[in-house]
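Undergrad: Have a peek at entry13.txt (compact mmCIF, C-alpha atoms).
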# COMPACT_ATOMS: atom_id res chain seq x y z
CA MET G 1 47.62 24.25 -18.82
CA ARG G 2 46.14 27.52 -17.64
CA PRO G 3 48.44 30.55 -17.52
CA GLN G 4 49.62 31.52 -14.05
CA LEU G 5 48.15 35.01 -13.69
CA VAL G 6 48.49 35.43 -9.93
CA LYS G 7 52.14 35.78 -9.09
CA SER G 8 53.83 36.63 -5.87
CA LEU G 9 55.85 39.68 -6.87
CA ASN G 10 58.88 38.55 -4.92
CA GLY G 11 62.51 39.45 -5.31
CA ARG G 12 62.05 42.93 -3.94
CA PRO G 13 61.17 44.19 -0.47
CA MET G 14 57.40 44.42 -0.04
CA ALA G 15 55.57 47.57 1.01
CA VAL G 16 52.39 45.54 1.44
CA SER G 17 51.79 41.83 1.65
CA THR G 18 48.67 40.00 2.72
CA ARG G 19 48.33 36.30 3.36
CA ALA G 20 44.98 34.60 2.71
CA LEU G 21 43.18 37.80 3.68
CA THR G 22 39.54 36.94 4.21
CA LYS G 23 36.59 39.09 5.23
CA SER G 24 32.83 38.68 5.17
CA PHE G 25 30.09 41.17 5.89
CA GLY G 26 27.23 38.97 7.06
CA SER G 27 26.75 36.32 4.40
CA GLN G 28 28.52 38.48 1.81
CA VAL G 29 32.11 37.39 1.17
CA ALA G 30 34.08 40.60 0.55
CA LEU G 31 37.59 39.14 0.41
CA ASP G 32 38.42 35.51 -0.18
CA ARG G 33 42.00 34.40 0.62
CA VAL G 34 43.68 37.39 -1.01
CA ASP G 35 47.49 37.27 -1.29
CA LEU G 36 48.33 40.81 -2.32
CA THR G 37 52.00 41.70 -2.76
CA VAL G 38 52.97 45.30 -3.50
CA PRO G 39 56.71 45.74 -4.12
CA GLU G 40 58.41 48.76 -2.57
CA GLY G 41 58.70 51.65 -5.02
CA SER G 42 56.06 50.31 -7.37
CA ILE G 43 52.88 51.92 -8.63
CA TYR G 44 50.40 49.08 -8.23
CA VAL G 45 47.06 49.44 -10.03
CA LEU G 46 44.18 47.57 -8.38
CA VAL G 47 41.17 46.98 -10.61
CA GLY G 48 37.86 45.16 -10.41
CA PRO G 49 34.13 45.68 -10.81
CA ASN G 50 32.06 47.47 -8.17
CA GLY G 51 31.90 45.38 -5.01
CA ALA G 52 34.91 43.24 -5.94
CA GLY G 53 36.70 44.12 -2.69
CA LYS G 54 39.06 46.95 -3.69
CA SER G 55 37.98 49.41 -0.97
CA THR G 56 37.73 46.68 1.65
CA THR G 57 41.31 45.69 0.86
CA LEU G 58 42.58 49.27 1.26
CA ASN G 59 40.58 49.72 4.47
CA ALA G 60 42.07 46.52 5.87
CA LEU G 61 45.60 47.81 5.21
CA VAL G 62 45.00 50.81 7.48
CA ASP G 63 43.17 48.69 10.04
CA LEU G 64 39.78 50.32 9.42
CA VAL G 65 38.44 46.89 8.55
CA ARG G 66 39.44 43.90 10.67
CA PRO G 67 39.87 40.72 8.62
CA ASP G 68 38.16 37.48 9.71
CA SER G 69 41.37 35.63 9.01
CA GLY G 70 44.70 36.00 7.29
CA GLY G 71 47.70 38.24 7.84
CA ILE G 72 48.54 41.77 6.73
CA GLU G 73 51.99 43.25 6.70
CA VAL G 74 52.37 46.94 5.84
CA LEU G 75 55.84 48.54 5.70
CA GLY G 76 57.27 45.62 7.60
CA ARG G 77 54.76 45.68 10.45
CA SER G 78 51.58 43.83 11.21
CA ALA G 79 48.72 46.20 10.36
CA SER G 80 46.53 45.14 13.31
CA GLU G 81 49.30 45.39 15.94
CA ALA G 82 50.94 48.63 14.83
CA GLY G 83 47.96 50.60 13.55
CA PRO G 84 48.92 54.20 14.52
CA ALA G 85 52.64 53.77 13.76
CA VAL G 86 51.83 52.35 10.34
CA ARG G 87 49.20 54.99 9.62
CA ALA G 88 51.75 57.78 10.24
CA GLU G 89 53.73 56.51 7.27
CA ILE G 90 50.71 56.18 4.99
CA GLY G 91 48.82 58.72 2.92
CA TYR G 92 45.25 57.58 2.31
CA VAL G 93 42.59 58.86 -0.02
CA PRO G 94 39.59 56.75 1.02
CA GLU G 95 36.62 55.93 -1.18
CA THR G 96 34.35 58.28 0.72
CA THR G 97 34.58 62.03 1.17
CA ASP G 98 32.19 61.91 4.10
CA PHE G 99 34.20 61.05 7.20
CA GLY G 100 32.70 63.28 9.86
CA TYR G 101 34.60 66.53 9.41
CA GLY G 102 32.08 68.24 7.13
CA LYS G 103 31.69 71.29 9.38
CA LEU G 104 35.35 72.32 9.15
CA THR G 105 36.50 74.43 6.25
CA ALA G 106 38.99 72.76 3.93
CA ARG G 107 41.72 74.96 5.45
CA GLU G 108 40.78 73.94 9.00
CA LEU G 109 40.59 70.30 8.02
CA ILE G 110 44.05 70.34 6.46
CA ASP G 111 45.50 72.18 9.51
CA HIS G 112 43.89 69.70 11.89
CA HIS G 113 45.08 66.74 9.83
CA SER G 114 48.64 68.07 9.54
CA ARG G 115 49.13 67.94 13.33
CA TYR G 116 49.05 64.14 13.26
CA PHE G 117 52.13 64.02 11.04
CA ALA G 118 55.59 65.00 12.26
CA ALA G 119 56.85 64.90 8.70
CA TRP G 120 54.18 67.33 7.39
CA ASP G 121 55.73 69.63 4.76
CA ALA G 122 53.69 72.85 4.95
CA ALA G 123 55.33 74.42 1.90
CA TYR G 124 54.61 71.30 -0.17
CA ALA G 125 51.02 71.30 1.10
CA GLU G 126 50.61 74.89 -0.12
CA GLN G 127 52.15 73.99 -3.47
CA LEU G 128 49.81 71.01 -3.89
CA GLY G 129 46.83 73.11 -2.85
CA ALA G 130 47.69 75.72 -5.47
CA ASP G 131 48.30 73.12 -8.19
CA LEU G 132 45.01 71.39 -7.36
CA GLU G 133 43.14 74.70 -7.05
CA VAL G 134 41.81 73.77 -3.62
CA VAL G 135 38.85 75.80 -2.36
CA TYR G 136 40.04 76.55 1.18
CA ASP G 137 37.34 78.68 2.78
CA LYS G 138 34.26 76.55 2.13
CA ARG G 139 33.05 73.93 4.58
CA PHE G 140 34.38 70.53 3.58
CA GLY G 141 30.86 69.04 3.70
CA LYS G 142 29.66 71.62 1.17
CA LEU G 143 32.35 70.82 -1.38
CA SER G 144 31.57 68.84 -4.53
CA LYS G 145 33.07 65.37 -4.76
CA GLY G 146 35.79 66.66 -7.05
CA GLN G 147 36.64 69.60 -4.77
CA ALA G 148 36.74 67.30 -1.74
CA ARG G 149 39.01 64.87 -3.61
CA ARG G 150 41.51 67.70 -4.17
CA VAL G 151 41.59 68.42 -0.44
CA GLN G 152 42.04 64.72 0.34
CA LEU G 153 44.96 64.50 -2.07
CA VAL G 154 46.76 67.33 -0.28
CA MET G 155 46.11 65.52 3.02
CA ALA G 156 47.50 62.25 1.63
CA LEU G 157 50.62 63.60 -0.08
CA ALA G 158 52.00 66.49 1.98
CA HIS G 159 53.87 64.40 4.57
CA ARG G 160 55.57 62.47 1.73
CA PRO G 161 54.53 59.11 3.18
CA ARG G 162 56.33 55.89 2.32
CA LEU G 163 53.05 54.38 1.16
CA LEU G 164 50.15 56.00 -0.67
CA LEU G 165 46.78 54.26 -0.76
CA LEU G 166 44.53 55.93 -3.29
CA ASP G 167 40.95 54.74 -3.71
CA GLU G 168 39.83 56.15 -7.05
CA PRO G 169 41.79 59.38 -6.56
CA THR G 170 40.37 61.09 -9.65
CA ASP G 171 36.74 60.21 -8.90
CA GLY G 172 34.48 63.23 -9.39
CA LEU G 173 37.17 65.44 -10.93
CA ASP G 174 36.76 67.19 -14.27
CA PRO G 175 39.07 66.12 -17.13
CA LEU G 176 41.64 68.85 -16.50
CA GLY G 177 41.60 68.11 -12.78
CA ARG G 178 42.14 64.39 -13.43
CA ASP G 179 45.07 65.13 -15.68
CA ARG G 180 46.54 67.47 -13.09
CA VAL G 181 46.30 64.73 -10.44
CA LEU G 182 48.22 62.33 -12.70
CA GLU G 183 50.88 64.96 -13.30
CA ILE G 184 51.20 65.49 -9.55
CA LEU G 185 51.42 61.75 -8.87
CA ALA G 186 54.18 61.32 -11.49
CA ASP G 187 56.08 64.29 -10.07
CA HIS G 188 55.58 63.02 -6.53
CA ALA G 189 56.85 59.54 -7.43
CA ALA G 190 59.93 61.09 -9.07
CA SER G 191 60.76 63.35 -6.13
CA SER G 192 59.82 61.28 -3.05
CA PRO G 193 60.65 57.62 -2.50
CA THR G 194 57.21 56.06 -2.25
CA THR G 195 55.02 53.11 -3.08
CA ILE G 196 51.60 53.80 -4.57
CA LEU G 197 48.66 51.40 -4.41
CA VAL G 198 45.84 52.87 -6.43
CA SER G 199 42.40 51.48 -7.20
CA THR G 200 40.59 52.75 -10.25
CA HIS G 201 37.86 52.24 -12.82
CA VAL G 202 39.55 54.60 -15.26
CA ILE G 203 42.41 52.30 -16.19
CA HIS G 204 43.73 54.16 -19.23
CA GLU G 205 44.68 57.08 -16.97
CA LEU G 206 47.31 54.90 -15.34
CA GLU G 207 48.71 53.42 -18.56
CA GLY G 208 52.01 55.25 -18.15
CA LEU G 209 52.23 55.19 -14.36
CA GLY G 210 51.31 51.66 -13.31
CA ASP G 211 54.03 49.02 -13.19
CA CYS G 212 52.06 46.30 -11.39
CA LEU G 213 48.47 45.18 -11.91
CA GLY G 214 46.13 43.39 -9.52
CA ALA G 215 42.60 42.35 -10.43
CA LEU G 216 39.89 41.49 -7.92
CA ARG G 217 36.64 39.78 -8.80
CA ASP G 218 34.06 38.62 -6.24
CA GLY G 219 36.61 39.10 -3.48
CA ARG G 220 39.24 36.96 -5.16
CA LEU G 221 42.53 38.14 -6.58
CA ILE G 222 42.35 36.66 -10.08
CA ALA G 223 45.51 38.31 -11.42
CA GLN G 224 48.64 39.93 -10.02
CA LEU G 225 51.41 40.69 -12.48
CA GLU G 226 54.17 43.07 -13.35
CA ARG G 227 53.15 45.38 -16.18
CA ASP G 228 56.13 44.25 -18.29
CA ASP G 229 55.24 40.59 -17.81
CA LEU G 230 51.67 41.33 -18.90
CA GLY G 231 52.83 43.41 -21.87
CA ASP G 232 55.25 40.75 -23.07
CA HIS G 233 52.92 37.77 -22.69
CA LEU G 234 49.30 38.74 -23.13
CA HIS G 235 48.50 39.16 -26.82
CA ARG G 236 45.63 39.77 -29.13
CA VAL G 237 45.86 37.29 -31.97
CA ARG G 238 43.94 37.70 -35.19
CA ALA G 239 43.94 34.61 -37.37
CA GLU G 240 42.09 32.73 -40.07
CA ALA G 241 40.90 29.17 -39.81
CA ALA G 242 38.54 26.90 -41.69
CA GLU G 243 34.92 27.19 -40.59
CA GLY G 244 34.17 24.74 -37.83
CA TRP G 245 37.82 24.77 -36.72
CA THR G 246 38.28 23.26 -33.28
CA PRO G 247 41.26 24.40 -31.25
CA SER G 248 43.02 22.04 -28.87
CA SER G 249 42.08 22.24 -25.20
CA ASP G 250 45.65 23.39 -24.55
CA LEU G 251 45.21 26.45 -26.76
CA VAL G 252 41.80 27.16 -25.27
CA GLU G 253 43.14 27.02 -21.72
CA GLN G 254 45.85 29.55 -22.54
CA SER G 255 43.31 31.98 -23.93
CA LEU G 256 41.31 34.56 -22.00
CA VAL G 257 38.95 35.77 -24.71
CA ARG G 258 37.87 33.90 -27.84
CA LYS G 259 35.85 35.52 -30.58
CA ALA G 260 35.17 33.87 -33.93
CA SER G 261 33.13 34.84 -36.94
CA GLY G 262 33.20 32.73 -40.08
CA ARG G 263 36.87 32.14 -40.85
CA GLU G 264 38.05 34.95 -38.61
CA LEU G 265 39.43 34.52 -35.11
CA ASP G 266 40.04 37.30 -32.63
CA TRP G 267 41.59 35.99 -29.41
CA VAL G 268 43.36 37.23 -26.34
CA ILE G 269 45.89 34.62 -25.31
CA TRP G 270 48.90 34.15 -23.02
CA GLY G 271 52.13 33.42 -24.86
CA ASP G 272 55.28 34.78 -26.48
CA ALA G 273 54.72 36.89 -29.60
CA GLU G 274 57.28 34.83 -31.53
CA ALA G 275 55.82 31.48 -30.52
CA LEU G 276 52.12 32.17 -31.04
CA PRO G 277 51.97 32.06 -34.89
CA SER G 278 53.52 28.59 -35.02
CA ARG G 279 51.28 27.32 -32.26
CA PHE G 280 48.22 28.38 -34.22
CA ALA G 281 49.76 27.12 -37.49
CA HIS G 282 50.32 23.75 -35.81
CA GLU G 283 46.55 23.52 -35.36
CA GLY G 284 45.79 24.70 -38.89
CA ALA G 285 45.04 28.39 -38.25
CA GLU G 286 47.00 31.15 -39.97
CA VAL G 287 47.92 34.11 -37.77
CA ARG G 288 47.55 37.53 -39.41
CA ASP G 289 48.57 39.67 -36.49
CA VAL G 290 49.93 39.39 -32.95
CA ALA G 291 49.46 42.64 -31.03
CA ARG G 292 50.41 43.77 -27.55
CA LEU G 293 47.59 45.06 -25.35
CA ASN G 294 47.44 48.31 -23.50
CA LEU G 295 46.68 48.21 -19.79
CA GLU G 296 42.97 48.78 -20.28
CA GLN G 297 42.59 46.07 -22.95
CA ALA G 298 44.57 43.63 -20.82
CA THR G 299 42.46 44.42 -17.78
CA ARG G 300 39.22 43.95 -19.68
CA ALA G 301 40.39 40.55 -20.93
CA ILE G 302 41.40 39.48 -17.42
CA LEU G 303 38.14 40.62 -15.82
CA ARG G 304 36.11 38.77 -18.48
CA MET G 305 37.96 35.46 -18.44
CA GLU G 306 36.36 32.36 -17.05
CA VAL G 307 37.70 31.42 -13.64
CA ASN G 308 37.08 28.10 -11.95
CA MET N 1 63.77 68.32 -27.80
CA ILE N 2 60.14 67.28 -27.74
CA ILE N 3 59.48 63.73 -26.57
CA ALA N 4 55.95 62.52 -27.20
CA ILE N 5 54.23 59.21 -26.49
CA ASP N 6 51.50 57.82 -28.74
CA PRO N 7 48.64 56.47 -26.61
CA ALA N 8 47.64 54.12 -29.46
CA ASP N 9 51.12 52.59 -29.57
CA THR N 10 51.26 49.49 -27.37
CA ARG N 11 55.03 49.03 -27.52
CA PRO N 12 56.72 49.39 -24.11
CA ILE N 13 56.89 53.07 -23.22
CA TYR N 14 60.65 53.04 -22.54
CA LEU N 15 61.18 51.91 -26.14
CA GLN N 16 58.97 54.74 -27.40
CA ILE N 17 61.03 57.26 -25.43
CA MET N 18 64.23 55.78 -26.84
CA ASP N 19 62.86 56.03 -30.38
CA GLU N 20 61.82 59.64 -29.82
CA VAL N 21 65.30 60.62 -28.67
CA ARG N 22 66.94 58.72 -31.56
CA ARG N 23 64.54 60.38 -34.00
CA SER N 24 65.46 63.85 -32.67
CA VAL N 25 69.14 63.02 -33.19
CA VAL N 26 68.55 61.69 -36.72
CA VAL N 27 66.42 64.58 -37.95
CA GLY N 28 68.79 67.03 -36.27
CA THR N 29 66.40 68.68 -33.82
CA ALA N 30 68.69 67.45 -31.01
CA GLN N 31 72.26 68.74 -31.16
CA ALA N 32 75.30 67.22 -29.47
CA ASP N 33 75.61 68.18 -25.78
CA GLU N 34 71.97 69.27 -25.66
CA PRO N 35 70.36 68.24 -22.36
CA LEU N 36 67.48 65.80 -22.24
CA PRO N 37 64.60 66.72 -19.95
CA SER N 38 65.24 65.50 -16.39
CA VAL N 39 63.58 62.25 -15.35
CA ARG N 40 61.26 64.15 -13.04
CA GLN N 41 60.39 66.69 -15.75
CA LEU N 42 59.59 64.09 -18.42
CA ALA N 43 57.76 61.80 -16.01
CA SER N 44 55.40 64.54 -14.85
CA GLU N 45 55.02 66.03 -18.33
CA LEU N 46 53.97 62.70 -19.86
CA ARG N 47 52.35 61.26 -16.68
CA LEU N 48 54.81 58.38 -16.64
CA ASN N 49 56.36 56.20 -14.00
CA PRO N 50 59.79 57.78 -13.35
CA ASN N 51 61.34 54.30 -13.44
CA THR N 52 60.24 53.99 -17.09
CA VAL N 53 62.00 57.24 -18.03
CA GLN N 54 65.05 56.14 -16.05
CA GLN N 55 65.10 52.84 -17.92
CA ALA N 56 64.93 54.57 -21.32
CA TYR N 57 67.78 56.95 -20.44
CA ARG N 58 69.89 54.08 -19.07
CA GLU N 59 69.45 52.08 -22.30
CA LEU N 60 70.25 55.13 -24.44
CA GLU N 61 73.39 55.68 -22.40
CA ARG N 62 74.39 52.06 -22.88
CA GLU N 63 73.96 52.50 -26.64
CA GLY N 64 76.06 55.65 -26.60
CA VAL N 65 73.26 57.90 -27.85
CA VAL N 66 73.42 60.00 -24.67
CA TYR N 67 75.89 60.52 -21.83
CA VAL N 68 75.34 61.28 -18.16
CA ARG N 69 77.08 63.96 -16.12
CA ARG N 70 76.57 63.09 -12.49
CA GLY N 71 74.46 65.70 -10.78
CA ARG N 72 74.00 67.67 -13.99
CA GLY N 73 71.82 65.52 -16.16
CA THR N 74 71.70 63.54 -19.38
CA PHE N 75 73.02 64.96 -22.67
CA VAL N 76 73.03 64.02 -26.36
CA SER N 77 76.33 62.38 -27.39
CA GLU N 78 78.54 63.78 -30.09
CA VAL N 79 79.41 60.45 -31.67
CA GLU N 80 78.70 60.00 -35.37
CA THR N 81 75.62 57.90 -34.88
CA THR N 82 73.63 59.52 -37.63
CA GLU N 83 74.22 57.00 -40.45
CA ARG N 84 73.62 54.00 -38.24
CA GLU N 85 70.63 55.64 -36.59
CA ARG N 86 69.06 56.52 -39.95
CA PHE N 87 69.48 52.91 -40.99
CA ARG N 88 67.82 51.70 -37.80
CA LEU N 89 65.01 54.24 -38.05
CA ALA N 90 64.27 53.15 -41.64
CA GLN N 91 64.23 49.55 -40.46
CA THR N 92 61.66 50.34 -37.78
CA VAL N 93 59.41 52.22 -40.21
CA ALA N 94 59.67 49.38 -42.73
CA GLU N 95 58.87 46.68 -40.18
CA ARG N 96 55.80 48.56 -39.04
CA ALA N 97 54.56 48.98 -42.63
CA LEU N 98 55.18 45.31 -43.41
CA ARG N 99 53.34 44.11 -40.36
CA ASN N 100 50.43 46.37 -41.20
CA ALA N 101 50.42 45.09 -44.78
CA TYR N 102 50.39 41.48 -43.70
CA ARG N 103 47.55 42.15 -41.26
CA ASN N 104 45.59 43.47 -44.24
CA GLY N 105 46.44 40.46 -46.37
CA LEU N 106 48.83 42.36 -48.70
CA SER N 107 52.03 40.92 -50.16
CA LEU N 108 55.46 42.59 -50.06
CA ASP N 109 55.28 43.39 -53.80
CA GLU N 110 51.87 44.98 -53.41
CA LEU N 111 53.16 47.11 -50.52
CA ILE N 112 56.26 48.28 -52.42
CA ALA N 113 54.20 49.14 -55.52
CA ALA N 114 51.72 51.05 -53.36
CA VAL N 115 54.50 53.03 -51.65
CA ARG N 116 55.84 54.08 -55.08
CA ARG N 117 52.38 55.07 -56.31
CA ALA N 118 51.69 57.04 -53.13
CA ALA N 119 55.04 58.83 -53.41
CA GLU N 120 54.21 59.84 -56.98
CA GLU N 121 50.76 61.09 -56.03
CA MET N 122 52.16 63.04 -53.09
CA ASN N 123 55.03 64.40 -55.21
CA VAL N 124 57.71 63.02 -52.90
CA GLU N 125 61.00 63.10 -54.81
CA GLU N 126 63.63 60.40 -54.41
CA ASN N 127 66.33 61.27 -51.88
CA SER N 128 64.24 64.06 -50.41
Could you show the structure in this file as structure tokens?
TA:
Amino acid sequence: MRPQLVKSLNGRPMAVSTRALTKSFGSQVALDRVDLTVPEGSIYVLVGPNGAGKSTTLNALVDLVRPDSGGIEVLGRSASEAGPAVRAEIGYVPETTDFGYGKLTARELIDHHSRYFAAWDAAYAEQLGADLEVVYDKRFGKLSKGQARRVQLVMALAHRPRLLLLDEPTDGLDPLGRDRVLEILADHAASSPTTILVSTHVIHELEGLGDCLGALRDGRLIAQLERDDLGDHLHRVRAEAAEGWTPSSDLVEQSLVRKASGRELDWVIWGDAEALPSRFAHEGAEVRDVARLNLEQATRAILRMEVN
Amino acid sequence: MIIAIDPADTRPIYLQIMDEVRRSVVVGTAQADEPLPSVRQLASELRLNPNTVQQAYRELEREGVVYVRRGRGTFVSEVETTERERFRLAQTVAERALRNAYRNGLSLDELIAAVRRAAEEMNVEENS
């Protein structure tokens, strides 16, 4: 039996939930029946290769993309029916830095943006700007990607929204800038009640922050798990077996990655750490090591597995 | 008290935090009634989910290693945990070494002999 990698993260109130969210651009299927559930208060890491549908998903949540079918609930409201009301409670760092305000200076852009939010905290905005070393007096369109990202982060965070949608928030930043952003996000999560949905290609950055993981591939959600569930059940097993050893189909189905060389096996498989050695022993393979995976290793295994 | 997380360590982070606090108590760098960093402080310092820090502190409180003063923070307990904690720390170190040995195809006897040899070469005296 295959492991159940897409779970509905129920049991808690949901900040975001989509039902069979589907969207095509022409003949290109961008999202295919996606059931995304983001529990309130979580830091949900959304991963996937380029073009997997991460940005389309985030855009759909703020009603910038209209789905072909399926439902979206954001902070208890339908995204399509309550667009402006929902957006007021969201902080969004979109994929692009080019959204038509390039002629304003960063300072003017932030001032303009702040007027849309009753809850805007000007002192916090200044603090964030200083911490992120925002360049205020240059035109936004003339800023580098990294500089623009810093401005967008101030715009997303300073009204302490209930939901943060961050589309590759550290994209274009230098290493110190990236680290500063992570520090700010951790501090923000500790000081303001919020849910964070963040898409990224730099998974190791979110090792300590993420507590839920979602993986998109070709518009399909192929995994959705709590970090603890993933940590406790997805393991790298190194074992020895006779050459030509054939595992049972049951063992194969539970595995995500299978490497073998001579007598050596190097697998990633779903199962309890205590139970795995005897399961392999039962089939004549001797387990040398059962290791937990970090978030990046787990993600790589998930994105590489065969999906029917 | 300095609490550090090893990026190469794949054990749950709340357990690593707990071990770090216990270690500080055992080696004496953390004194009774010394405050732990606040959840917010440690979370932003180590780029961690605040819930993870909260979980570690809660478990440590349950074990009696720390106590909480509402509104003031979390502090190291005064209880005589040292003997028991040393025992547990040694256990953890031993388990890690054993697992590593087995992964490398070494027996228990080979590991013990190697530890003694290494101690001699590094001039580590018994009971030091």
Undergrad: Go through chain N residue by residue and, counting all atoms listed in the file, keep those with an atom at most 12 Å from chain G; for each kept residue give the shortest atom pair and its distance in Å to one decimal, ordered by chain and increasing number, as CSV.
TA:
residue,atom,partner,partner_atom,distance
N:Ile5,CA,G:Gly208,CA,9.5
N:Asp6,CA,G:Gly208,CA,10.9
N:Pro7,CA,G:Glu207,CA,8.6
N:Ala8,CA,G:Asn294,CA,8.3
N:Asp9,CA,G:Asn294,CA,8.3
N:Thr10,CA,G:Asn294,CA,5.6
N:Arg11,CA,G:Arg292,CA,7.0
N:Pro12,CA,G:Gly231,CA,7.5
N:Ile13,CA,G:Gly208,CA,7.4
N:Tyr14,CA,G:Gly208,CA,9.9
N:Gln16,CA,G:Gly208,CA,11.6
N:Ile17,CA,G:Gly208,CA,11.8
N:Ser38,CA,G:Ala190,CA,10.1
N:Val39,CA,G:Ala190,CA,7.4
N:Arg40,CA,G:Ala190,CA,5.2
N:Gln41,CA,G:Asp187,CA,7.5
N:Leu42,CA,G:Asp187,CA,9.1
N:Ala43,CA,G:Ala186,CA,5.8
N:Ser44,CA,G:Glu183,CA,4.8
N:Glu45,CA,G:Glu183,CA,6.6
N:Leu46,CA,G:Glu183,CA,7.6
N:Arg47,CA,G:Glu183,CA,5.2
N:Leu48,CA,G:Gly208,CA,4.5
N:Asn49,CA,G:Leu209,CA,4.3
N:Pro50,CA,G:Ala190,CA,5.4
N:Asn51,CA,G:Ala190,CA,8.2
N:Thr52,CA,G:Gly208,CA,8.4
N:Val53,CA,G:Ala190,CA,10.0
N:Gln54,CA,G:Ala190,CA,10.0
N:Arg96,CA,G:Asp289,CA,11.7
N:Leu98,CA,G:Asp289,CA,11.1
N:Arg99,CA,G:Asp289,CA,7.6
N:Asn100,CA,G:Asp289,CA,8.4
N:Ala101,CA,G:Arg288,CA,9.7
N:Tyr102,CA,G:Arg288,CA,6.5
N:Arg103,CA,G:Arg288,CA,5.0
N:Asn104,CA,G:Arg288,CA,7.9
N:Gly105,CA,G:Arg288,CA,7.6
N:Leu106,CA,G:Arg288,CA,10.5
Undergrad: Would you mind telling me which residue in N:Phe75, N:Phe87, N:Tyr67, N:Tyr57 lies nearest to Leu15 in chain N when using all atoms listed in the file?
TA: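 Closest candidate: N:Tyr57.
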Undergrad: Record the distance separating CA of Asp167 in chain G and CA of Glu89 in chain G, expressed in Å with one decimal.
TA: 16.9 Å
Undergrad: Could you list, as a list in words, every residue within 12 Å of Thr56 in chain G, counting all atoms listed in the file and ignoring same-chain residues fewer than 6 positions away?
TA: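 Neighbouring residues, sequence-local ones excluded: Leu21, Thr22, Lys23, Ser24, Phe25, Val29, Ala30, Leu31, Asp32, Val34, Leu46, Asn50, Val62, Asp63, Leu64, Val65, Arg66, Pro67, Pro94, Glu95, Asp167, Ser199, Leu216, Asp218, Gly219 and Arg220 of chain G.
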Undergrad: What would the list of residues within 7 Å of (50.0, 34.1, -25.7) (file frame) look like as a PDB file with C-alpha atoms, in the coordinates of the input, if all atoms listed in the file are what count?
TA:
ATOM      1  CA  HIS G 233      52.920  37.770 -22.690  1.00  0.00           C
ATOM      2  CA  LEU G 234      49.300  38.740 -23.130  1.00  0.00           C
ATOM      3  CA  HIS G 235      48.500  39.160 -26.820  1.00  0.00           C
ATOM      4  CA  GLN G 254      45.850  29.550 -22.540  1.00  0.00           C
ATOM      5  CA  ILE G 269      45.890  34.620 -25.310  1.00  0.00           C
ATOM      6  CA  TRP G 270      48.900  34.150 -23.020  1.00  0.00           C
ATOM      7  CA  GLY G 271      52.130  33.420 -24.860  1.00  0.00           C
ATOM      8  CA  ASP G 272      55.280  34.780 -26.480  1.00  0.00           C
ATOM      9  CA  ALA G 273      54.720  36.890 -29.600  1.00  0.00           C
ATOM     10  CA  LEU G 276      52.120  32.170 -31.040  1.00  0.00           C
TER      11      LEU G 276
END
Undergrad: Quick one: distance from CA of Gly71 in chain N to CA of Ser192 in chain G in Å, one decimal?
TA: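 So the two atoms, CA of Gly71 in chain N and CA of Ser192 in chain G, lie 17.1 Å apart.
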Undergrad: Can we get range 58-68 of chain N of that structure written down with N, CA and C atoms, as a compact mmCIF listing (two decimals), in the first residue's frame?
TA:
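Final output, saved to selection09.txt:
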# COMPACT_ATOMS: atom_id res chain seq x y z
N ARG N 58 8.12 23.97 27.51
CA ARG N 58 7.03 23.29 28.19
C ARG N 58 7.49 21.91 28.69
N GLU N 59 8.20 21.18 27.82
CA GLU N 59 8.68 19.84 28.20
C GLU N 59 9.70 19.93 29.33
N LEU N 60 10.58 20.93 29.25
CA LEU N 60 11.58 21.11 30.30
C LEU N 60 10.92 21.43 31.63
N GLU N 61 9.84 22.20 31.56
CA GLU N 61 9.11 22.54 32.78
C GLU N 61 8.47 21.29 33.37
N ARG N 62 7.90 20.47 32.49
CA ARG N 62 7.27 19.23 32.92
C ARG N 62 8.29 18.31 33.62
N GLU N 63 9.52 18.33 33.11
CA GLU N 63 10.57 17.50 33.70
C GLU N 63 11.19 18.13 34.94
N GLY N 64 10.83 19.37 35.23
CA GLY N 64 11.35 20.01 36.42
C GLY N 64 12.72 20.66 36.23
N VAL N 65 13.21 20.69 35.01
CA VAL N 65 14.52 21.30 34.75
C VAL N 65 14.43 22.83 34.85
N VAL N 66 13.26 23.37 34.44
CA VAL N 66 13.05 24.81 34.53
C VAL N 66 11.70 25.09 35.20
N TYR N 67 11.51 26.32 35.64
CA TYR N 67 10.20 26.72 36.14
C TYR N 67 9.79 28.02 35.49
N VAL N 68 8.48 28.27 35.46
CA VAL N 68 7.94 29.45 34.79
C VAL N 68 7.34 30.40 35.80
